[in-house]
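Dumped entry.csv below, it's CSV, C-alpha atoms:
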chain,number,residue,atom,x,y,z
A,1,MET,CA,0.0,0.0,0.0
A,2,LYS,CA,1.3,3.4,-0.9
A,3,LEU,CA,0.9,6.1,1.8
A,4,LYS,CA,0.0,9.5,0.7
A,5,ARG,CA,2.7,12.1,1.7
A,6,ARG,CA,1.2,14.9,3.7
A,7,PRO,CA,2.0,18.4,2.3
A,8,MET,CA,4.4,20.3,4.7
A,9,LYS,CA,3.4,23.8,5.8
A,10,ALA,CA,6.4,26.2,5.6
A,11,ASP,CA,5.3,29.5,7.1
A,12,VAL,CA,7.6,32.1,8.6
A,13,PRO,CA,6.7,32.0,12.3
A,14,SER,CA,4.9,35.2,13.3
A,15,THR,CA,6.6,35.1,16.7
A,16,ALA,CA,9.9,36.0,15.1
A,17,MET,CA,8.6,39.2,13.5
A,18,GLY,CA,9.1,41.3,16.6
A,19,ASP,CA,12.7,40.0,17.0
A,20,ILE,CA,13.4,40.8,13.3
A,21,ALA,CA,12.1,44.3,13.7
A,22,PHE,CA,14.1,44.7,16.9
A,23,ASN,CA,17.3,43.7,15.2
A,24,LEU,CA,16.6,46.0,12.3
A,25,LEU,CA,16.1,48.9,14.6
A,26,ILE,CA,19.4,48.2,16.5
A,27,PHE,CA,21.1,48.1,13.2
A,28,PHE,CA,19.8,51.5,12.1
A,29,VAL,CA,20.5,53.0,15.5
A,30,ILE,CA,24.1,52.0,15.4
A,31,LEU,CA,24.3,53.3,11.8
A,32,ALA,CA,22.9,56.7,12.9
A,33,ARG,CA,25.3,56.9,15.9
A,34,ALA,CA,28.2,56.8,13.5
A,35,THR,CA,27.3,60.2,12.2
A,36,ASP,CA,26.5,62.1,15.3
A,37,ASP,CA,28.5,62.9,18.4
A,38,SER,CA,26.3,61.5,21.2
A,39,HIS,CA,28.8,58.7,21.8
A,40,LEU,CA,31.6,61.2,22.6
A,41,GLN,CA,32.5,62.0,26.2
A,42,TRP,CA,32.4,65.7,27.3
A,43,ASN,CA,31.0,67.8,30.1
A,44,PRO,CA,29.5,71.1,29.1
A,45,ALA,CA,30.4,74.3,31.0
A,46,LYS,CA,27.6,76.2,32.8
A,47,ALA,CA,26.2,79.6,31.9
A,48,LYS,CA,23.0,81.7,32.4
A,49,GLN,CA,20.5,82.9,29.9
A,50,LEU,CA,20.7,80.1,27.4
A,51,GLU,CA,18.6,79.8,24.3
A,52,GLY,CA,17.3,76.7,22.5
A,53,VAL,CA,19.0,75.7,19.3
A,54,LYS,CA,16.6,74.5,16.6
A,55,SER,CA,18.8,73.4,13.8
A,56,SER,CA,22.4,73.4,12.9
A,57,ARG,CA,24.6,72.7,9.9
A,58,CYS,CA,27.4,71.0,11.8
A,59,SER,CA,28.7,70.3,15.2
A,60,VAL,CA,32.3,70.7,16.4
A,61,LEU,CA,33.3,69.0,19.6
A,62,ILE,CA,36.4,68.9,21.9
A,63,ASP,CA,36.1,65.9,24.2
A,64,ARG,CA,37.7,65.3,27.6
A,65,ASN,CA,40.9,64.1,25.9
A,66,ASN,CA,41.2,67.3,23.9
A,67,LYS,CA,40.4,65.5,20.7
A,68,LEU,CA,38.6,67.4,18.0
A,69,TYR,CA,35.6,66.1,16.1
A,70,LEU,CA,33.4,67.5,13.3
A,71,ASN,CA,30.0,65.8,13.2
A,72,GLY,CA,31.3,62.9,15.3
A,73,ARG,CA,34.4,62.3,13.2
A,74,GLU,CA,37.9,63.1,14.4
A,75,ILE,CA,39.6,65.9,12.5
A,76,GLY,CA,42.8,67.9,12.7
A,77,GLN,CA,42.8,71.6,13.7
A,78,SER,CA,44.4,72.6,10.4
A,79,GLN,CA,41.6,70.9,8.3
A,80,LEU,CA,38.7,72.2,10.4
A,81,SER,CA,38.1,75.6,8.7
A,82,GLN,CA,38.0,74.1,5.2
A,83,ALA,CA,35.8,71.2,6.3
A,84,ILE,CA,33.2,73.6,8.0
A,85,ASP,CA,33.3,75.8,4.9
A,86,ASP,CA,32.5,72.8,2.7
A,87,LEU,CA,29.6,71.8,5.0
A,88,LEU,CA,28.2,75.3,5.1
A,89,GLY,CA,28.5,75.8,1.4
A,90,GLN,CA,26.5,78.8,0.1
A,91,ALA,CA,23.9,78.7,3.0
A,92,PRO,CA,22.4,82.1,3.7
A,93,ALA,CA,22.8,83.9,7.0
A,94,GLY,CA,20.6,82.4,9.7
A,95,GLN,CA,21.2,78.9,8.3
A,96,ARG,CA,24.9,78.7,9.0
A,97,THR,CA,24.7,77.6,12.6
A,98,VAL,CA,27.7,75.7,14.0
A,99,LEU,CA,27.3,74.0,17.4
A,100,LEU,CA,30.4,74.2,19.5
A,101,LYS,CA,30.7,71.7,22.2
A,102,VAL,CA,33.7,72.0,24.4
A,103,HIS,CA,34.6,70.0,27.5
A,104,LYS,CA,34.6,72.4,30.4
A,105,GLU,CA,38.2,71.6,31.4
A,106,ALA,CA,39.6,72.0,27.9
A,107,THR,CA,42.2,74.7,27.7
A,108,ALA,CA,42.6,77.8,25.5
A,109,MET,CA,45.3,76.0,23.5
A,110,TYR,CA,42.6,73.7,22.1
A,111,TYR,CA,39.4,75.8,21.9
A,112,GLU,CA,40.8,79.1,20.6
A,113,PRO,CA,42.0,77.8,17.3
A,114,VAL,CA,38.6,76.1,16.9
A,115,ILE,CA,36.7,79.3,17.5
A,116,GLU,CA,39.0,81.0,15.0
A,117,ALA,CA,38.3,78.2,12.4
A,118,ILE,CA,34.6,78.6,12.8
A,119,ALA,CA,34.9,82.4,12.4
A,120,GLN,CA,37.1,82.0,9.3
A,121,ALA,CA,34.5,79.6,7.7
A,122,GLY,CA,31.7,82.2,8.4
A,123,GLY,CA,29.8,80.0,10.8
A,124,GLU,CA,27.3,81.3,13.2
A,125,MET,CA,28.7,79.8,16.4
A,126,VAL,CA,26.5,78.6,19.3
A,127,HIS,CA,28.3,77.4,22.4
A,128,ILE,CA,26.4,74.4,23.8
A,129,LEU,CA,26.2,74.8,27.6
A,130,ASP,CA,24.3,73.7,30.6
A,131,GLU,CA,21.9,76.1,32.4
A,132,LYS,CA,23.5,77.6,35.6
A,133,ARG,CA,21.0,77.5,38.4
T,1,MET,CA,-31.3,32.2,43.9
T,2,ARG,CA,-28.9,32.2,41.1
T,3,PRO,CA,-25.2,31.7,42.2
T,4,ARG,CA,-22.8,34.6,41.2
T,5,ARG,CA,-20.5,33.7,38.4
T,6,THR,CA,-16.9,34.2,39.1
T,7,SER,CA,-14.1,33.6,36.7
T,8,LYS,CA,-10.9,32.1,38.1
T,9,PHE,CA,-9.1,31.7,34.8
T,10,LEU,CA,-5.4,32.7,34.7
T,11,ILE,CA,-5.1,35.4,32.0
T,12,GLU,CA,-1.5,35.8,30.6
T,13,PRO,CA,-0.5,38.2,27.9
T,14,ALA,CA,0.4,36.5,24.7
T,15,ALA,CA,4.1,35.7,24.5
T,16,VAL,CA,4.0,36.7,20.8
T,17,ALA,CA,3.4,40.3,21.8
T,18,THR,CA,6.5,40.6,23.9
T,19,GLY,CA,8.7,41.5,20.9
T,20,ASP,CA,6.2,44.1,19.7
T,21,ILE,CA,6.1,45.6,23.2
T,22,ALA,CA,9.9,45.8,23.3
T,23,PHE,CA,9.9,47.4,19.8
T,24,ASN,CA,7.4,50.1,20.8
T,25,LEU,CA,9.2,50.9,24.0
T,26,ILE,CA,12.5,51.3,22.1
T,27,VAL,CA,10.8,53.6,19.5
T,28,PHE,CA,9.3,55.6,22.4
T,29,PHE,CA,12.7,56.1,24.1
T,30,LEU,CA,14.4,56.9,20.9
T,31,VAL,CA,12.0,59.6,20.1
T,32,CYS,CA,12.3,61.0,23.6
T,33,ALA,CA,16.1,61.0,23.3
T,34,SER,CA,16.3,62.6,19.9
T,35,SER,CA,13.9,65.4,20.7
T,36,GLU,CA,16.0,66.6,23.6
T,37,PRO,CA,16.9,70.2,22.5
T,38,ASP,CA,20.4,71.6,22.8
T,39,SER,CA,20.7,74.9,24.5
T,40,GLY,CA,23.5,77.4,24.4
T,41,ARG,CA,24.8,80.9,23.8
T,42,ARG,CA,25.1,82.4,20.4
T,43,GLN,CA,28.2,84.4,19.5
T,44,ASP,CA,28.0,86.1,16.2
T,45,LEU,CA,31.3,86.5,14.4
T,46,PRO,CA,31.7,89.6,12.3
T,47,SER,CA,34.1,89.6,9.4
T,48,SER,CA,37.7,90.3,10.4
T,49,GLU,CA,37.8,93.3,8.0
T,50,LYS,CA,34.9,94.9,9.9
T,51,THR,CA,36.6,94.3,13.2
T,52,LYS,CA,39.9,95.7,12.2
T,53,GLN,CA,38.1,98.9,11.4
T,54,GLU,CA,36.3,98.8,14.7
T,55,GLN,CA,39.3,97.8,16.9
T,56,LYS,CA,40.9,100.8,18.5
T,57,THR,CA,44.0,101.1,20.7
T,58,ASP,CA,42.0,102.1,23.8
T,59,ASN,CA,39.8,99.0,23.9
T,60,ILE,CA,39.2,97.3,27.2
T,61,GLU,CA,41.6,94.4,27.6
T,62,ILE,CA,40.9,91.4,29.7
T,63,SER,CA,43.5,88.8,30.5
T,64,LEU,CA,42.6,85.3,31.7
T,65,THR,CA,44.7,82.7,33.4
T,66,ARG,CA,44.0,79.3,34.9
T,67,THR,CA,43.0,81.0,38.2
T,68,ARG,CA,39.2,81.8,38.2
T,69,ASN,CA,39.3,84.2,41.0
T,70,VAL,CA,41.5,86.9,39.5
T,71,VAL,CA,41.0,88.5,36.1
T,72,THR,CA,43.2,91.3,34.8
T,73,VAL,CA,41.4,94.3,33.3
T,74,ASN,CA,43.6,96.8,31.5
T,75,GLY,CA,46.5,95.4,33.5
T,76,ASP,CA,44.8,95.7,36.9
T,77,PRO,CA,44.0,92.5,38.8
T,78,VAL,CA,40.3,92.4,39.6
T,79,ARG,CA,38.4,89.8,41.6
T,80,PHE,CA,35.9,87.9,39.6
T,81,GLU,CA,33.0,89.1,41.8
T,82,GLU,CA,34.0,92.7,41.0
T,83,LEU,CA,34.5,92.2,37.3
T,84,GLU,CA,30.9,93.0,36.2
T,85,GLY,CA,31.0,96.3,38.1
T,86,ARG,CA,34.4,97.3,36.7
T,87,LEU,CA,33.3,96.5,33.2
T,88,ARG,CA,30.1,98.3,33.6
T,89,ARG,CA,32.0,101.4,34.7
T,90,LEU,CA,34.5,101.2,31.8
T,91,LEU,CA,31.7,100.8,29.3
T,92,THR,CA,29.6,103.7,30.6
T,93,GLY,CA,29.3,106.4,28.0
T,94,LYS,CA,30.6,104.3,25.2
T,95,ARG,CA,27.7,104.1,22.8
T,96,ARG,CA,29.3,103.3,19.4
T,97,PRO,CA,29.8,99.6,18.7
T,98,GLU,CA,33.5,100.2,17.9
T,99,ASP,CA,34.0,101.6,21.3
T,100,ARG,CA,32.4,98.6,23.0
T,101,VAL,CA,34.9,96.1,21.9
T,102,VAL,CA,36.6,94.0,24.6
T,103,VAL,CA,39.9,92.3,23.8
T,104,VAL,CA,40.1,88.9,25.6
T,105,ARG,CA,43.6,87.4,26.0
T,106,SER,CA,43.9,83.9,27.5
T,107,LYS,CA,46.9,82.0,28.7
T,108,PRO,CA,47.1,78.6,27.0
T,109,ASP,CA,46.0,76.8,30.2
T,110,THR,CA,42.8,78.9,30.7
T,111,PRO,CA,39.9,76.4,31.1
T,112,TYR,CA,36.9,76.8,28.8
T,113,GLU,CA,34.4,77.1,31.7
T,114,HIS,CA,36.3,80.2,32.9
T,115,TRP,CA,36.5,81.7,29.4
T,116,ILE,CA,32.8,81.2,28.7
T,117,GLU,CA,31.9,82.7,32.1
T,118,VAL,CA,33.8,85.9,31.4
T,119,THR,CA,32.8,86.2,27.7
T,120,ALA,CA,29.1,85.7,28.6
T,121,LEU,CA,29.4,88.4,31.1
T,122,VAL,CA,30.9,90.8,28.6
T,123,GLN,CA,28.2,89.9,26.0
T,124,ASP,CA,25.5,90.5,28.6
T,125,LEU,CA,26.8,94.0,29.1
T,126,GLY,CA,26.3,94.6,25.4
T,127,ALA,CA,30.0,94.6,24.4
T,128,SER,CA,31.5,92.6,21.6
T,129,ILE,CA,34.5,90.3,22.1
T,130,THR,CA,37.8,90.1,20.2
T,131,ILE,CA,39.9,87.1,21.0
T,132,GLN,CA,43.6,87.8,20.9
T,133,ARG,CA,45.7,84.7,20.7
T,134,GLU,CA,49.3,84.2,21.9
T,135,GLU,CA,50.7,84.5,18.3
T,136,GLU,CA,48.8,87.8,17.9
T,137,ARG,CA,46.1,86.5,15.6
T,138,THR,CA,42.7,88.1,16.4
T,139,VAL,CA,39.2,86.6,16.2
T,140,ASN,CA,36.2,88.8,16.7
T,141,VAL,CA,33.1,87.8,18.5
T,142,GLY,CA,30.1,90.0,18.4
T,143,PRO,CA,27.5,90.5,21.2
Could you express the structure from this file as structure tokens?
Amino acid sequence: MKLKRRPMKADVPSTAMGDIAFNLLIFFVILARATDDSHLQWNPAKAKQLEGVKSSRCSVLIDRNNKLYLNGREIGQSQLSQAIDDLLGQAPAGQRTVLLKVHKEATAMYYEPVIEAIAQAGGEMVHILDEKR
Amino acid sequence: MRPRRTSKFLIEPAAVATGDIAFNLIVFFLVCASSEPDSGRRQDLPSSEKTKQEQKTDNIEISLTRTRNVVTVNGDPVRFEELEGRLRRLLTGKRRPEDRVVVVRSKPDTPYEHWIEVTALVQDLGASITIQREEERTVNVGP
């Protein structure tokens, strides 16, 4: 007697959908982190009368090891002005905001050339700080 | 009399939904984290040509060192607490923008938190800042 083979059901288990979505999300989060500076370590200085910053063209950061970053990527002081200039392009006044994030203990030897570079590139500098209470 | 009906069934959330709950929680926290606004102080940087015209020899000059307590104003050491009063007196009567330029010189070991505290004070008094670096290059920072 010949037995009839039962057709096998090959469905993607719906239980795994959540896990797939979760892993996709982690992937994109890691990808996004590579272009911002939220993974860098710095402590902002404190000041009064701060204003909110809505949008910015680029972000310059000096971390606690005095390393310089432009949009989360390490850069040399000598290349900074040109790099900011490239990012700002022909943007009109009011849309040339450059965020400056400096670790509170960084010394003038490191932050003054950066301020100078932003000025040379025609950036509208905003010092990112913590509110002093 | 009719006996009251009570349900004693154990109700558990479906295990299938755990992944979706985790996903939604992550999206929620991501949105929260990304919407946190930055706050700071704006410093406008006028072109260097403009500032060269504005800069005069009798500008107020502030020298900063690593020590927070003492700031030098026009060569005189001033306690930080007295700096605002001193600057206010020096700026009195100066109405033109070119007269209200304050030259800030910093020793290479001046910490940023000290620098921003002093420059913010100068800006709040309506003056503009010129940074003078050790090698005599100047950067101008408006109010």
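With CA of Leu70 (chain A) on one side and CA of Asp37 (chain A) on the other, the separation reads 8.4 Å.
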Find the residues in chain A near chain T: any atom within 8 Å counts, using all atoms listed in the file. Write them as an MDAnalysis selection string. chainID A and resid 14:15 17:19 21:22 45:47 49:54 102:109 111:112 115:116 119 122:130
Up to 7 Å from (40.1, 99.1, 29.4) in the file's coordinates: name the residues, counting all atoms listed in the file, as an mmCIF file with C-alpha atoms, in the frame of the given file.
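selection.cif was written with the following content:
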data_model
loop_
_atom_site.group_PDB
_atom_site.id
_atom_site.type_symbol
_atom_site.label_atom_id
_atom_site.label_comp_id
_atom_site.auth_asym_id
_atom_site.auth_seq_id
_atom_site.Cartn_x
_atom_site.Cartn_y
_atom_site.Cartn_z
ATOM 1 C CA ASP T 58 42.000 102.100 23.800
ATOM 2 C CA ASN T 59 39.800 99.000 23.900
ATOM 3 C CA ILE T 60 39.200 97.300 27.200
ATOM 4 C CA GLU T 61 41.600 94.400 27.600
ATOM 5 C CA VAL T 73 41.400 94.300 33.300
ATOM 6 C CA ASN T 74 43.600 96.800 31.500
ATOM 7 C CA LEU T 90 34.500 101.200 31.800
#
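Rounded to one decimal, CA of Tyr69 (chain A) and CA of Gln41 (chain A) lie 11.3 Å from each other.
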Between CA of His39 (chain A) and CA of Ile20 (chain A), what distance in Å does the model show, to one decimal? 25.1 Å
Restricting the calculation to all atoms listed in the file: of A:Leu100, A:Leu88, A:Val114, A:Ala93, which residue gets closest to Gly76 (chain A)? A:Val114
